[in-house]
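Student: Hey, dropping target26.cif in here, mmCIF, C-alpha atoms:
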```
data_data
#
loop_
_atom_site.group_PDB
_atom_site.id
_atom_site.type_symbol
_atom_site.label_atom_id
_atom_site.label_comp_id
_atom_site.auth_asym_id
_atom_site.auth_seq_id
_atom_site.Cartn_x
_atom_site.Cartn_y
_atom_site.Cartn_z
ATOM 1 C CA MET A 1 41.027 -37.253 -34.450
ATOM 2 C CA SER A 2 43.024 -33.995 -34.458
ATOM 3 C CA GLU A 3 44.812 -32.883 -31.302
ATOM 4 C CA ARG A 4 42.664 -29.730 -31.110
ATOM 5 C CA PHE A 5 39.441 -31.748 -31.442
ATOM 6 C CA ALA A 6 40.619 -34.283 -28.868
ATOM 7 C CA TRP A 7 41.266 -31.516 -26.343
ATOM 8 C CA ALA A 8 37.833 -30.029 -27.092
ATOM 9 C CA VAL A 9 36.165 -33.376 -26.355
ATOM 10 C CA VAL A 10 38.059 -33.640 -23.077
ATOM 11 C CA ALA A 11 37.129 -30.076 -22.131
ATOM 12 C CA VAL A 12 33.422 -30.614 -22.832
ATOM 13 C CA ALA A 13 33.434 -33.876 -20.868
ATOM 14 C CA ALA A 14 35.153 -32.188 -17.934
ATOM 15 C CA LEU A 15 32.649 -29.320 -17.974
ATOM 16 C CA SER A 16 29.719 -31.752 -18.059
ATOM 17 C CA LEU A 17 31.153 -33.709 -15.146
ATOM 18 C CA ALA A 18 31.746 -30.520 -13.170
ATOM 19 C CA CYS A 19 28.138 -29.459 -13.633
ATOM 20 C CA GLU A 20 26.949 -32.764 -12.203
ATOM 21 C CA GLN A 21 29.274 -32.701 -9.176
ATOM 22 C CA PRO A 22 28.644 -30.800 -5.931
ATOM 23 C CA ALA A 23 30.595 -27.575 -5.537
ATOM 24 C CA ALA A 24 33.369 -27.231 -2.979
ATOM 25 C CA ASN A 25 30.776 -26.193 -0.384
ATOM 26 C CA GLY A 26 28.839 -29.427 -0.968
ATOM 27 C CA LEU A 27 25.994 -27.735 -2.827
ATOM 28 C CA GLN A 28 24.722 -28.821 -6.217
ATOM 29 C CA PRO A 29 24.512 -26.181 -8.970
ATOM 30 C CA ILE A 30 21.005 -24.753 -9.295
ATOM 31 C CA PRO A 31 19.613 -26.188 -12.530
ATOM 32 C CA ASP A 32 17.352 -24.239 -14.832
ATOM 33 C CA GLY A 33 13.780 -25.376 -14.228
ATOM 34 C CA LEU A 34 14.147 -25.884 -10.470
ATOM 35 C CA VAL A 35 10.612 -25.713 -9.039
ATOM 36 C CA VAL A 36 9.511 -25.872 -5.393
ATOM 37 C CA LEU A 37 5.956 -27.079 -4.722
ATOM 38 C CA THR A 38 4.166 -25.933 -1.565
ATOM 39 C CA PHE A 39 0.663 -26.716 -0.290
ATOM 40 C CA ASP A 40 -0.839 -24.583 2.478
ATOM 41 C CA ASP A 41 -3.472 -25.093 5.187
ATOM 42 C CA GLY A 42 -3.774 -28.898 5.372
ATOM 43 C CA ASN A 43 -6.671 -29.419 2.984
ATOM 44 C CA LYS A 44 -8.074 -32.957 2.821
ATOM 45 C CA SER A 45 -7.182 -33.069 -0.860
ATOM 46 C CA ASP A 46 -3.519 -33.006 0.169
ATOM 47 C CA ILE A 47 -3.695 -36.649 1.210
ATOM 48 C CA ASP A 48 -6.614 -37.824 -0.933
ATOM 49 C CA PHE A 49 -5.484 -36.434 -4.290
ATOM 50 C CA VAL A 50 -2.350 -34.298 -4.293
ATOM 51 C CA ALA A 51 0.074 -36.722 -2.633
ATOM 52 C CA PRO A 52 -0.772 -39.741 -4.817
ATOM 53 C CA THR A 53 -0.685 -37.543 -7.924
ATOM 54 C CA LEU A 54 2.760 -36.208 -7.041
ATOM 55 C CA GLN A 55 3.978 -39.745 -6.407
ATOM 56 C CA GLU A 56 2.998 -40.695 -9.954
ATOM 57 C CA TYR A 57 5.202 -37.879 -11.273
ATOM 58 C CA GLY A 58 8.038 -38.487 -8.831
ATOM 59 C CA PHE A 59 7.806 -34.916 -7.534
ATOM 60 C CA GLY A 60 8.744 -33.637 -4.097
ATOM 61 C CA ALA A 61 6.617 -31.139 -2.178
ATOM 62 C CA SER A 62 6.058 -29.455 1.175
ATOM 63 C CA PHE A 63 2.729 -29.521 3.047
ATOM 64 C CA TYR A 64 2.241 -26.718 5.572
ATOM 65 C CA ILE A 65 -0.039 -27.617 8.457
ATOM 66 C CA THR A 66 -2.041 -25.372 10.768
ATOM 67 C CA GLU A 67 -4.688 -26.133 13.364
ATOM 68 C CA GLY A 68 -6.327 -22.816 12.545
ATOM 69 C CA LEU A 69 -8.946 -22.017 9.902
ATOM 70 C CA GLY A 70 -11.432 -24.921 9.890
ATOM 71 C CA PHE A 71 -9.012 -27.612 11.094
ATOM 72 C CA ARG A 72 -10.413 -28.048 14.622
ATOM 73 C CA ALA A 73 -14.073 -27.550 13.685
ATOM 74 C CA ASP A 74 -13.864 -30.231 10.982
ATOM 75 C CA VAL A 75 -14.397 -33.098 13.421
ATOM 76 C CA GLN A 76 -15.244 -35.613 10.676
ATOM 77 C CA LYS A 77 -12.135 -34.594 8.740
ATOM 78 C CA GLU A 78 -13.967 -34.124 5.458
ATOM 79 C CA ARG A 79 -12.286 -30.825 4.540
ATOM 80 C CA TYR A 80 -9.005 -30.850 6.458
ATOM 81 C CA VAL A 81 -6.421 -33.528 7.129
ATOM 82 C CA SER A 82 -6.166 -35.356 10.437
ATOM 83 C CA TRP A 83 -2.833 -35.765 12.184
ATOM 84 C CA ASP A 84 -2.860 -39.395 11.052
ATOM 85 C CA ASP A 85 -3.115 -38.038 7.503
ATOM 86 C CA VAL A 86 -0.200 -35.702 8.171
ATOM 87 C CA ARG A 87 1.853 -38.655 9.412
ATOM 88 C CA ARG A 88 1.000 -40.472 6.176
ATOM 89 C CA LEU A 89 2.260 -37.501 4.153
ATOM 90 C CA HIS A 90 5.534 -37.775 6.047
ATOM 91 C CA ASP A 91 5.668 -41.547 5.562
ATOM 92 C CA LEU A 92 5.191 -41.028 1.820
ATOM 93 C CA GLY A 93 8.363 -38.950 1.794
ATOM 94 C CA PHE A 94 6.885 -35.454 1.658
ATOM 95 C CA GLU A 95 7.933 -32.582 3.906
ATOM 96 C CA VAL A 96 5.622 -31.492 6.719
ATOM 97 C CA GLY A 97 6.169 -27.807 7.458
ATOM 98 C CA ASN A 98 4.906 -25.351 10.067
ATOM 99 C CA HIS A 99 1.990 -23.039 9.314
ATOM 100 C CA THR A 100 1.306 -22.108 12.989
ATOM 101 C CA GLY A 101 -1.115 -23.361 15.589
ATOM 102 C CA GLY A 102 -3.906 -20.888 14.929
ATOM 103 C CA HIS A 103 -3.206 -19.240 11.547
ATOM 104 C CA PRO A 104 -3.031 -15.717 13.060
ATOM 105 C CA ASN A 105 -1.590 -12.539 11.631
ATOM 106 C CA MET A 106 1.916 -13.215 12.927
ATOM 107 C CA ALA A 107 3.053 -9.667 12.140
ATOM 108 C CA GLU A 108 0.786 -8.355 14.933
ATOM 109 C CA LEU A 109 1.923 -10.789 17.645
ATOM 110 C CA PRO A 110 4.530 -10.349 20.377
ATOM 111 C CA LYS A 111 7.434 -12.752 20.242
ATOM 112 C CA ALA A 112 6.026 -14.995 22.988
ATOM 113 C CA GLU A 113 2.877 -15.660 20.941
ATOM 114 C CA ILE A 114 4.917 -16.142 17.781
ATOM 115 C CA ARG A 115 6.881 -18.865 19.566
ATOM 116 C CA SER A 116 3.780 -20.546 21.010
ATOM 117 C CA ASN A 117 2.170 -20.714 17.557
ATOM 118 C CA LEU A 118 5.265 -22.383 16.161
ATOM 119 C CA GLU A 119 5.662 -24.721 19.103
ATOM 120 C CA LEU A 120 2.126 -26.071 18.959
ATOM 121 C CA ILE A 121 2.775 -27.558 15.517
ATOM 122 C CA GLU A 122 6.229 -28.719 16.614
ATOM 123 C CA GLN A 123 4.636 -30.551 19.544
ATOM 124 C CA ARG A 124 1.960 -32.143 17.363
ATOM 125 C CA CYS A 125 4.650 -33.381 15.007
ATOM 126 C CA GLU A 126 6.600 -34.894 17.896
ATOM 127 C CA GLN A 127 3.456 -36.592 19.207
ATOM 128 C CA HIS A 128 2.893 -38.236 15.816
ATOM 129 C CA GLY A 129 6.454 -39.275 15.083
ATOM 130 C CA ILE A 130 7.075 -36.550 12.517
ATOM 131 C CA PRO A 131 10.413 -34.699 12.496
ATOM 132 C CA ALA A 132 10.296 -31.190 13.929
ATOM 133 C CA PRO A 133 9.561 -28.738 11.098
ATOM 134 C CA ARG A 134 12.438 -26.575 9.973
ATOM 135 C CA THR A 135 10.619 -24.632 7.261
ATOM 136 C CA PHE A 136 7.679 -22.278 7.617
ATOM 137 C CA VAL A 137 4.969 -20.422 5.702
ATOM 138 C CA TYR A 138 3.532 -17.125 6.958
ATOM 139 C CA PRO A 139 -0.262 -17.290 7.518
ATOM 140 C CA GLY A 140 -1.949 -14.881 5.169
ATOM 141 C CA TRP A 141 1.624 -14.127 4.026
ATOM 142 C CA ARG A 142 1.912 -11.482 6.779
ATOM 143 C CA HIS A 143 5.433 -11.239 8.083
ATOM 144 C CA SER A 144 7.644 -8.977 10.178
ATOM 145 C CA LEU A 145 11.184 -8.685 11.437
ATOM 146 C CA ALA A 146 10.067 -10.094 14.805
ATOM 147 C CA VAL A 147 8.817 -13.296 13.146
ATOM 148 C CA VAL A 148 12.019 -13.612 11.124
ATOM 149 C CA GLU A 149 14.046 -13.226 14.312
ATOM 150 C CA VAL A 150 12.065 -15.886 16.186
ATOM 151 C CA LEU A 151 12.302 -18.308 13.268
ATOM 152 C CA SER A 152 16.049 -17.774 13.170
ATOM 153 C CA GLU A 153 16.386 -18.242 16.939
ATOM 154 C CA LYS A 154 14.451 -21.519 16.715
ATOM 155 C CA GLY A 155 16.607 -22.887 13.921
ATOM 156 C CA TYR A 156 14.229 -22.627 10.964
ATOM 157 C CA VAL A 157 16.194 -22.595 7.719
ATOM 158 C CA PHE A 158 13.631 -21.458 5.123
ATOM 159 C CA ALA A 159 10.329 -19.588 5.216
ATOM 160 C CA ARG A 160 8.050 -18.637 2.354
ATOM 161 C CA ARG A 161 6.090 -15.406 2.013
ATOM 162 C CA GLY A 162 3.650 -14.275 -0.675
ATOM 163 C CA VAL A 163 4.012 -12.254 -3.874
ATOM 164 C CA SER A 164 3.738 -8.787 -2.344
ATOM 165 C CA PRO A 165 5.007 -6.133 -1.855
ATOM 166 C CA GLU A 166 6.965 -6.372 -5.105
ATOM 167 C CA HIS A 167 3.888 -7.604 -7.025
ATOM 168 C CA PRO A 168 0.189 -6.793 -6.601
ATOM 169 C CA ASP A 169 -2.016 -9.458 -5.022
ATOM 170 C CA GLY A 170 -5.781 -9.460 -5.436
ATOM 171 C CA GLY A 171 -6.138 -12.607 -3.350
ATOM 172 C CA ARG A 172 -7.320 -14.864 -6.195
ATOM 173 C CA GLY A 173 -4.007 -16.095 -7.577
ATOM 174 C CA ALA A 174 -1.071 -13.963 -8.685
ATOM 175 C CA ARG A 175 2.418 -13.810 -10.131
ATOM 176 C CA GLY A 176 5.389 -12.947 -7.952
ATOM 177 C CA ARG A 177 9.177 -13.048 -8.010
ATOM 178 C CA ALA A 178 11.456 -15.995 -8.542
ATOM 179 C CA TYR A 179 13.521 -16.833 -5.474
ATOM 180 C CA ASP A 180 17.083 -15.575 -5.862
ATOM 181 C CA PRO A 181 19.335 -17.135 -3.196
ATOM 182 C CA GLU A 182 21.993 -14.536 -3.991
ATOM 183 C CA GLU A 183 19.653 -11.749 -2.869
ATOM 184 C CA ASP A 184 16.674 -13.002 -0.860
ATOM 185 C CA HIS A 185 16.832 -13.803 2.822
ATOM 186 C CA PRO A 186 16.049 -17.547 3.244
ATOM 187 C CA LEU A 187 13.333 -16.717 5.792
ATOM 188 C CA LEU A 188 11.595 -14.366 3.325
ATOM 189 C CA ILE A 189 11.432 -16.491 0.170
ATOM 190 C CA PRO A 190 8.982 -14.970 -2.333
ATOM 191 C CA THR A 191 6.186 -16.926 -3.966
ATOM 192 C CA THR A 192 6.663 -16.969 -7.750
ATOM 193 C CA GLY A 193 3.030 -17.868 -8.343
ATOM 194 C CA TYR A 194 0.012 -19.105 -6.419
ATOM 195 C CA ALA A 195 -2.969 -20.794 -7.998
ATOM 196 C CA GLY A 196 -6.487 -19.435 -8.048
ATOM 197 C CA PRO A 197 -9.184 -18.174 -10.424
ATOM 198 C CA GLU A 198 -6.853 -15.396 -11.649
ATOM 199 C CA TRP A 199 -3.772 -17.599 -12.104
ATOM 200 C CA GLY A 200 -3.792 -20.189 -14.875
ATOM 201 C CA PHE A 201 -1.703 -22.207 -17.290
ATOM 202 C CA GLU A 202 -0.028 -19.230 -18.958
ATOM 203 C CA ASP A 203 1.024 -18.030 -15.510
ATOM 204 C CA LEU A 204 2.528 -21.414 -14.731
ATOM 205 C CA VAL A 205 4.537 -21.248 -17.960
ATOM 206 C CA TRP A 206 5.692 -17.745 -17.022
ATOM 207 C CA ALA A 207 6.724 -18.897 -13.529
ATOM 208 C CA VAL A 208 8.777 -21.813 -14.862
ATOM 209 C CA ASP A 209 10.436 -19.455 -17.341
ATOM 210 C CA GLN A 210 11.725 -17.430 -14.369
ATOM 211 C CA ALA A 211 13.578 -20.478 -13.013
ATOM 212 C CA ARG A 212 16.889 -19.909 -14.759
ATOM 213 C CA ASN A 213 20.313 -18.410 -14.155
ATOM 214 C CA GLY A 214 20.342 -19.425 -10.503
ATOM 215 C CA LYS A 215 16.755 -18.418 -9.731
ATOM 216 C CA ILE A 216 14.080 -20.809 -8.433
ATOM 217 C CA ALA A 217 10.312 -20.916 -9.056
ATOM 218 C CA VAL A 218 8.286 -21.380 -5.857
ATOM 219 C CA LEU A 219 4.656 -22.391 -6.472
ATOM 220 C CA THR A 220 1.816 -22.404 -3.937
ATOM 221 C CA PHE A 221 -1.517 -24.239 -3.858
ATOM 222 C CA HIS A 222 -4.301 -24.024 -1.266
ATOM 223 C CA GLY A 223 -6.342 -27.125 -1.962
ATOM 224 C CA VAL A 224 -7.072 -29.222 -5.038
ATOM 225 C CA PRO A 225 -9.948 -28.532 -4.620
ATOM 226 C CA ALA A 226 -10.066 -25.843 -1.909
ATOM 227 C CA LEU A 227 -13.451 -26.664 -0.404
ATOM 228 C CA GLU A 228 -13.639 -23.760 2.060
ATOM 229 C CA HIS A 229 -11.618 -21.201 0.118
ATOM 230 C CA PRO A 230 -12.848 -21.002 -3.496
ATOM 231 C CA TRP A 231 -10.829 -17.828 -4.118
ATOM 232 C CA VAL A 232 -7.679 -20.002 -4.153
ATOM 233 C CA HIS A 233 -9.264 -23.151 -5.586
ATOM 234 C CA THR A 234 -7.499 -25.377 -8.120
ATOM 235 C CA ASP A 235 -9.505 -27.889 -10.112
ATOM 236 C CA PRO A 236 -7.973 -31.397 -9.955
ATOM 237 C CA GLU A 237 -7.958 -31.760 -13.749
ATOM 238 C CA VAL A 238 -6.196 -28.422 -14.096
ATOM 239 C CA PHE A 239 -3.669 -29.452 -11.453
ATOM 240 C CA VAL A 240 -2.824 -32.569 -13.468
ATOM 241 C CA GLN A 241 -2.276 -30.367 -16.527
ATOM 242 C CA TYR A 242 0.134 -28.267 -14.470
ATOM 243 C CA MET A 243 2.056 -31.338 -13.322
ATOM 244 C CA ASP A 244 2.128 -32.705 -16.884
ATOM 245 C CA TYR A 245 3.707 -29.452 -18.015
ATOM 246 C CA LEU A 246 6.380 -29.551 -15.303
ATOM 247 C CA LYS A 247 7.212 -33.095 -16.339
ATOM 248 C CA GLN A 248 7.328 -32.226 -20.037
ATOM 249 C CA ARG A 249 9.600 -29.247 -19.356
ATOM 250 C CA GLY A 250 11.986 -31.548 -17.511
ATOM 251 C CA CYS A 251 11.702 -29.523 -14.308
ATOM 252 C CA THR A 252 13.384 -30.623 -11.107
ATOM 253 C CA VAL A 253 10.491 -30.496 -8.609
ATOM 254 C CA ILE A 254 11.361 -30.477 -4.927
ATOM 255 C CA SER A 255 10.204 -29.592 -1.416
ATOM 256 C CA VAL A 256 11.378 -26.535 0.475
ATOM 257 C CA ARG A 257 13.644 -28.617 2.720
ATOM 258 C CA ASP A 258 15.355 -29.980 -0.417
ATOM 259 C CA LEU A 259 16.601 -26.469 -1.147
ATOM 260 C CA THR A 260 19.500 -27.304 1.175
ATOM 261 C CA ARG A 261 20.932 -29.341 -1.712
ATOM 262 C CA TYR A 262 21.350 -26.129 -3.694
ATOM 263 C CA VAL A 263 21.238 -23.222 -1.236
ATOM 264 C CA ASP A 264 23.233 -22.430 1.881
ATOM 265 C CA PRO A 265 20.624 -20.980 4.298
ATOM 266 C CA ALA A 266 23.422 -19.522 6.415
ATOM 267 C CA LYS A 267 24.204 -17.147 3.546
ATOM 268 C CA ARG A 268 21.819 -14.267 4.121
ATOM 269 C CA PRO A 269 21.715 -10.468 4.054
ATOM 270 C CA ALA A 270 22.430 -8.792 7.387
ATOM 271 C CA ASP A 271 19.155 -6.890 7.045
ATOM 272 C CA PRO A 272 16.440 -9.386 6.023
ATOM 273 C CA TYR A 273 14.286 -6.681 4.465
ATOM 274 C CA ALA A 274 17.008 -4.817 2.578
ATOM 275 C CA PRO A 275 16.487 -6.717 -0.733
ATOM 276 C CA ILE A 276 12.731 -6.117 -0.624
ATOM 277 C CA GLU A 277 13.124 -2.421 0.217
ATOM 278 C CA ARG A 278 15.686 -1.998 -2.568
ATOM 279 C CA ARG A 279 13.312 -3.494 -5.137
ATOM 280 C CA ILE A 280 10.417 -1.319 -4.005
ATOM 281 C CA SER A 281 12.653 1.744 -4.188
ATOM 282 C CA LEU A 282 13.704 0.856 -7.729
ATOM 283 C CA GLN A 283 10.086 0.282 -8.761
ATOM 284 C CA THR A 284 9.055 3.614 -7.275
ATOM 285 C CA SER A 285 11.879 5.374 -9.107
ATOM 286 C CA SER A 286 11.022 3.757 -12.429
ATOM 287 C CA ASP A 287 7.312 4.596 -12.027
ATOM 288 C CA ALA A 288 7.959 8.246 -11.243
ATOM 289 C CA PRO A 289 7.108 10.638 -14.116
ATOM 290 C CA ALA A 290 10.059 12.261 -15.882
ATOM 291 C CA ASN A 291 10.630 15.939 -15.082
#
```
Any chance you could put this one into structure tokens?
Tutor:
Amino acid sequence: MSERFAWAVVAVAALSLACEQPAANGLQPIPDGLVVLTFDDGNKSDIDFVAPTLQEYGFGASFYITEGLGFRADVQKERYVSWDDVRRLHDLGFEVGNHTGGHPNMAELPKAEIRSNLELIEQRCEQHGIPAPRTFVYPGWRHSLAVVEVLSEKGYVFARRGVSPEHPDGGRGARGRAYDPEEDHPLLIPTTGYAGPEWGFEDLVWAVDQARNGKIAVLTFHGVPALEHPWVHTDPEVFVQYMDYLKQRGCTVISVRDLTRYVDPAKRPADPYAPIERRISLQTSSDAPAN
């Protein structure tokens, strides 16, 4: 072996080892193909179908629970999970996140009502032996600076929004942005894609393709199937095809709380909305007709 070749082998080995080791700040490098799975609203399929399916693939995920929508009216628990079901999701190793007590438009609420909506789910978790949630999803994806401030005051580390305003959303599935920890505020993480009649396999492929160069694909589902909300329904067979694809692509599939392995949530823009406003301004400029 020549001296030059020997040094090349050593250099490649050192680079490979460095990529596998945590950085000086304790974070792991963000791998290409990092995908976050999120499931909103506490559909019964979360425990009956989604959780066991994800276990087969060895995937992580976050389940966001609300007592709004049809949760309280579903006394027989045929469409929504019970709190015993939510405890089982936790016991299976999945994250239980906060989706508010009543699923209101949080952007229209005073801070006292924002807090009470968060605290109801926190209390339910405590009553059922589930750790207090530290990640959040905005109901109806409606957010505001007041909500961001309350989440920050209460110690939440990540929160997920929808695909707008950077991308159009017809309410039946849509593409959005990949999450860029170097730009996005951790309490305003964009959805890269959410499933529905207008979001399919080619959109999943597109979303995974965005997860590169330090960016992360964040995927959202609202029931597999969504019995009360067909406009965001995912067929179980289609869902399995999606999971097969993630496995075949070699994706690293995690929950929102697992982002702390790769992202420092304390690193955030001083103005939470500055990155969003900058993107909208750039889009407006690029769409303007030339003089």
Student: For Leu37 of chain A, which residue among A:Arg160, A:His99, A:Arg278, A:His229 is the nearest when counting only C-alpha atoms?
Tutor: A:Arg160
Student: Quick one, how far is atom CA of Arg87 of chain A from atom CA of Arg134 of chain A?
Tutor: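 For atom CA of Arg87 of chain A relative to atom CA of Arg134 of chain A, the distance reads 16.1 Å.
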Student: Skipping near chain neighbours, those fewer than 6 positions away, what residues fall within 9 Å of Leu120 of chain A using all atoms listed in the file, listed as an MDAnalysis selection string?
Tutor: chainID A and resid 67 100:102
Student: At a cut-off of 7 Å from (9.7, -5.4, -7.8) in the coordinates of the file, what residues are picked up using only C-alpha atoms, written as a list in words?
Tutor: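 Those within range, by chain then number, are Glu166, His167, Arg279, Ile280 and Gln283 of chain A.
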Student: Store the residues picked out above, limited to C-alpha atoms, as an mmCIF file, in the coordinates of the input.
Tutor:
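Once written, again.cif looks like this:
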```cif
data_model
loop_
_atom_site.group_PDB
_atom_site.id
_atom_site.type_symbol
_atom_site.label_atom_id
_atom_site.label_comp_id
_atom_site.auth_asym_id
_atom_site.auth_seq_id
_atom_site.Cartn_x
_atom_site.Cartn_y
_atom_site.Cartn_z
ATOM 1 C CA GLU A 166 6.965 -6.372 -5.105
ATOM 2 C CA HIS A 167 3.888 -7.604 -7.025
ATOM 3 C CA ARG A 279 13.312 -3.494 -5.137
ATOM 4 C CA ILE A 280 10.417 -1.319 -4.005
ATOM 5 C CA GLN A 283 10.086 0.282 -8.761
#
```
Student: Select, from A:Val157, A:Leu92, A:Val224, A:Val232, the residue with the minimum atom-to-atom distance to Gly58 of chain A, counting all atoms listed in the file.
Tutor: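 Checking each candidate against Gly58 of chain A, we get A:Leu92 as the closest.
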Student: Give the answer as one residue: which of A:Asn43, A:Tyr262, A:Thr234, A:Gly26 has the shortest atom-to-atom distance to Gly70 of chain A, using only C-alpha atoms?
Tutor: A:Asn43
Student: Once the PyMOL selection byres ((chain A and resi 163) around 6) has been evaluated on this model, what residues remain selected, and can you format them as JSON, numbers by chain?
Tutor: {"A": [162, 164, 167, 176, 190, 191]}
Student: Hey, can you check how far atom CA of Lys267 of chain A sits from atom CA of Gly250 of chain A?
Tutor: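 Going from atom CA of Lys267 of chain A over to atom CA of Gly250 of chain A, I get 28.3 Å.
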Student: I'd like to know which of A:Pro197, A:Pro275, A:Pro104, A:Pro131 is closest to Tyr179 of chain A, using only C-alpha atoms.
Tutor: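 Once distances to Tyr179 of chain A are computed over only C-alpha atoms, the minimum belongs to A:Pro275.
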Student: Please determine the residues with any atom at most 8 Å from (18.0, -20.5, -0.7) (coordinates as given in the file, with only C-alpha atoms counting) and report them as number ranges by chain.
Tutor: A: 158, 179-182, 184-186, 189, 259-260, 262-265
